[in-house]
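Following: one structure in structure tokens, then a few remarks.
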Amino acid sequence: MAVSGIDTDSLGETKPCTCDTDGSKCDIDGYVGSTVLYEDDTVRVWNFTLAPGEMTSMHKHDHDYHFVAIKPTQLEVYGEDGYRLFDFRAEGVLGFKVNGDFLEPIGIELPWPVPRIHAAKNIGDDDYYEILYESKQGELSEEYLNAMKKTKTVQNEVGDEL
């Protein structure tokens, strides 16, 4: 059964979050990436970029998803209450399933829980680039998973040329 989410046409504008500097609670939106690259009835594909020191909005994941870190960096994650939760090296391919108020990692174990509502800040020295694939109807199809693997292969071939 698919989880109901915000329609792309209803996202409105992203809502800036400053909890990293002032500890305030931020308004929540559905921007799990920077811009939507592609969407159909089964998947929504996002481009996600963050410059060093830049922070995402406080956003809520309504769908299971995978992402491919095209240009990795260190990200710091903040919870809905504005408090810093953890930081991690965002690299490779990671996937998460929506499970209540949390995101359950697919195929790996993490030392910390990942809340469904969060914001992230690039605390690395380089720009961060990611492609995020949201599955609107449960598991991602084999076609999209193969496309994701191809994207990762291109990343390995191109490397720092991006």
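Letters for chains follow the order of the structure tokens (A, B, ...), residue numbers begin at 1 for each chain, and ligand numbers begin at 1 in the order shown.
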Do you have, as JSON lines, the list of residues of segment 19-86 of chain A lying at most 7 Å from segment 125-129 of chain A, each with its nearest atom pair and that distance in Å to one decimal, counting only C-alpha atoms and ordered by chain then number?
```
{"residue": "A:Phe48", "atom": "CA", "partner": "A:Tyr129", "partner_atom": "CA", "distance": 5.8}
{"residue": "A:Thr49", "atom": "CA", "partner": "A:Tyr129", "partner_atom": "CA", "distance": 4.7}
{"residue": "A:Leu50", "atom": "CA", "partner": "A:Tyr128", "partner_atom": "CA", "distance": 5.1}
{"residue": "A:Ala51", "atom": "CA", "partner": "A:Asp127", "partner_atom": "CA", "distance": 4.4}
{"residue": "A:Pro52", "atom": "CA", "partner": "A:Asp125", "partner_atom": "CA", "distance": 5.7}
{"residue": "A:Ala69", "atom": "CA", "partner": "A:Tyr129", "partner_atom": "CA", "distance": 6.1}
{"residue": "A:Ile70", "atom": "CA", "partner": "A:Tyr129", "partner_atom": "CA", "distance": 5.3}
{"residue": "A:Lys71", "atom": "CA", "partner": "A:Tyr129", "partner_atom": "CA", "distance": 4.9}
{"residue": "A:Pro72", "atom": "CA", "partner": "A:Tyr128", "partner_atom": "CA", "distance": 5.8}
{"residue": "A:Thr73", "atom": "CA", "partner": "A:Tyr128", "partner_atom": "CA", "distance": 5.8}
```
| request: List the neighbours of segment 12-26 of chain A out to 10 Å using only C-alpha atoms; skip same-chain residues closer than 2 positions along the sequence, and give me the result as a PyMOL selection string. | output: chain A and resi 7-10+28-34+53-59+76-84+118-121
Residue list (strand (DSSP E), DSSP) for segment 70-111 of chain A, as a CSV table (one decimal) with N, CA, C and O atoms, in the first residue's frame:
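So the final result, stored in selection_16.csv, reads:
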```
chain,number,residue,atom,x,y,z
A,70,ILE,N,26.3,11.6,-5.9
A,70,ILE,CA,27.1,11.8,-7.0
A,70,ILE,C,28.4,12.5,-6.6
A,70,ILE,O,29.5,12.1,-7.1
A,71,LYS,N,28.4,13.4,-5.7
A,71,LYS,CA,29.6,14.1,-5.2
A,71,LYS,C,29.4,14.1,-3.6
A,71,LYS,O,28.7,14.9,-3.1
A,72,PRO,N,30.0,13.1,-2.9
A,72,PRO,CA,29.8,12.9,-1.5
A,72,PRO,C,30.3,14.1,-0.6
A,72,PRO,O,31.2,14.9,-1.1
A,73,THR,N,29.8,14.2,0.6
A,73,THR,CA,30.3,15.1,1.6
A,73,THR,C,29.8,14.7,2.9
A,73,THR,O,29.1,13.7,3.1
A,74,GLN,N,30.2,15.5,3.9
A,74,GLN,CA,29.7,15.2,5.3
A,74,GLN,C,28.5,16.0,5.5
A,74,GLN,O,28.4,17.3,5.3
A,75,LEU,N,27.4,15.4,6.0
A,75,LEU,CA,26.1,16.0,6.3
A,75,LEU,C,25.8,15.9,7.8
A,75,LEU,O,26.1,14.9,8.4
A,76,GLU,N,25.2,17.0,8.3
A,76,GLU,CA,24.8,17.0,9.7
A,76,GLU,C,23.2,17.0,9.6
A,76,GLU,O,22.6,17.8,8.9
A,77,VAL,N,22.6,16.2,10.5
A,77,VAL,CA,21.2,16.0,10.4
A,77,VAL,C,20.5,16.6,11.7
A,77,VAL,O,21.0,16.4,12.8
A,78,TYR,N,19.4,17.3,11.5
A,78,TYR,CA,18.7,18.0,12.6
A,78,TYR,C,17.3,17.4,12.7
A,78,TYR,O,16.7,17.2,11.6
A,79,GLY,N,16.7,17.2,13.9
A,79,GLY,CA,15.4,16.7,14.0
A,79,GLY,C,14.4,17.8,14.0
A,79,GLY,O,14.7,19.0,14.0
A,84,ARG,N,20.4,19.1,16.8
A,84,ARG,CA,21.3,18.3,16.0
A,84,ARG,C,21.2,16.9,16.5
A,84,ARG,O,21.3,16.6,17.7
A,85,LEU,N,21.1,15.9,15.5
A,85,LEU,CA,21.0,14.5,15.8
A,85,LEU,C,22.3,13.8,15.6
A,85,LEU,O,22.8,13.0,16.5
A,86,PHE,N,22.9,13.9,14.4
A,86,PHE,CA,24.1,13.2,14.1
A,86,PHE,C,24.7,13.8,12.8
A,86,PHE,O,24.1,14.6,12.2
A,87,ASP,N,25.9,13.4,12.5
A,87,ASP,CA,26.4,13.7,11.1
A,87,ASP,C,27.0,12.4,10.5
A,87,ASP,O,27.2,11.4,11.2
A,88,PHE,N,27.1,12.4,9.2
A,88,PHE,CA,27.5,11.2,8.5
A,88,PHE,C,28.1,11.5,7.2
A,88,PHE,O,27.8,12.6,6.7
A,89,ARG,N,28.8,10.6,6.6
A,89,ARG,CA,29.4,10.8,5.3
A,89,ARG,C,28.4,10.3,4.3
A,89,ARG,O,28.1,9.1,4.2
A,90,ALA,N,27.8,11.2,3.5
A,90,ALA,CA,26.8,10.9,2.5
A,90,ALA,C,27.5,10.5,1.2
A,90,ALA,O,28.1,11.3,0.5
A,91,GLU,N,27.5,9.2,1.0
A,91,GLU,CA,28.2,8.7,-0.2
A,91,GLU,C,27.6,7.3,-0.6
A,91,GLU,O,26.9,6.7,0.2
A,92,GLY,N,27.8,7.0,-1.9
A,92,GLY,CA,27.3,5.7,-2.4
A,92,GLY,C,25.8,5.8,-2.6
A,92,GLY,O,25.2,6.8,-2.9
A,93,VAL,N,25.2,4.6,-2.5
A,93,VAL,CA,23.7,4.5,-2.7
A,93,VAL,C,23.1,4.0,-1.3
A,93,VAL,O,23.5,3.0,-0.8
A,94,LEU,N,22.1,4.8,-0.9
A,94,LEU,CA,21.4,4.4,0.4
A,94,LEU,C,19.9,4.4,0.1
A,94,LEU,O,19.4,5.2,-0.7
A,95,GLY,N,19.2,3.5,0.8
A,95,GLY,CA,17.7,3.5,0.6
A,95,GLY,C,17.0,3.4,2.0
A,95,GLY,O,17.6,2.9,2.9
A,96,PHE,N,15.8,4.0,2.0
A,96,PHE,CA,15.1,4.0,3.3
A,96,PHE,C,13.6,3.7,3.0
A,96,PHE,O,13.0,4.2,2.0
A,97,LYS,N,13.0,3.0,3.9
A,97,LYS,CA,11.5,2.7,3.9
A,97,LYS,C,10.9,3.6,5.0
A,97,LYS,O,11.4,3.6,6.1
A,98,VAL,N,9.7,4.2,4.7
A,98,VAL,CA,9.0,4.9,5.7
A,98,VAL,C,8.4,3.9,6.7
A,98,VAL,O,7.7,2.9,6.3
A,99,ASN,N,8.6,4.1,8.0
A,99,ASN,CA,8.1,3.1,9.0
A,99,ASN,C,7.7,4.0,10.2
A,99,ASN,O,8.5,4.3,11.1
A,102,PHE,N,9.8,7.1,11.5
A,102,PHE,CA,11.2,6.9,11.2
A,102,PHE,C,11.4,6.4,9.8
A,102,PHE,O,10.5,5.9,9.2
A,103,LEU,N,12.6,6.5,9.3
A,103,LEU,CA,13.1,5.9,8.1
A,103,LEU,C,13.9,4.7,8.4
A,103,LEU,O,14.9,4.8,9.0
A,104,GLU,N,13.5,3.6,7.9
A,104,GLU,CA,14.2,2.3,8.1
A,104,GLU,C,15.2,2.1,7.0
A,104,GLU,O,14.8,2.0,5.8
A,105,PRO,N,16.5,2.0,7.3
A,105,PRO,CA,17.5,1.8,6.2
A,105,PRO,C,17.3,0.4,5.5
A,105,PRO,O,16.9,-0.5,6.2
```
| Closest to His66 of chain A among A:Pro113, A:Gly100, A:Gly107, A:Gly124, using only C-alpha atoms? | A:Gly107
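Of the residues under consideration (A:Gln137, A:Val114, A:Glu109, A:Tyr65), A:Tyr65 shows the shortest atom-to-atom contact distance to Trp46 of chain A when counting only C-alpha atoms.
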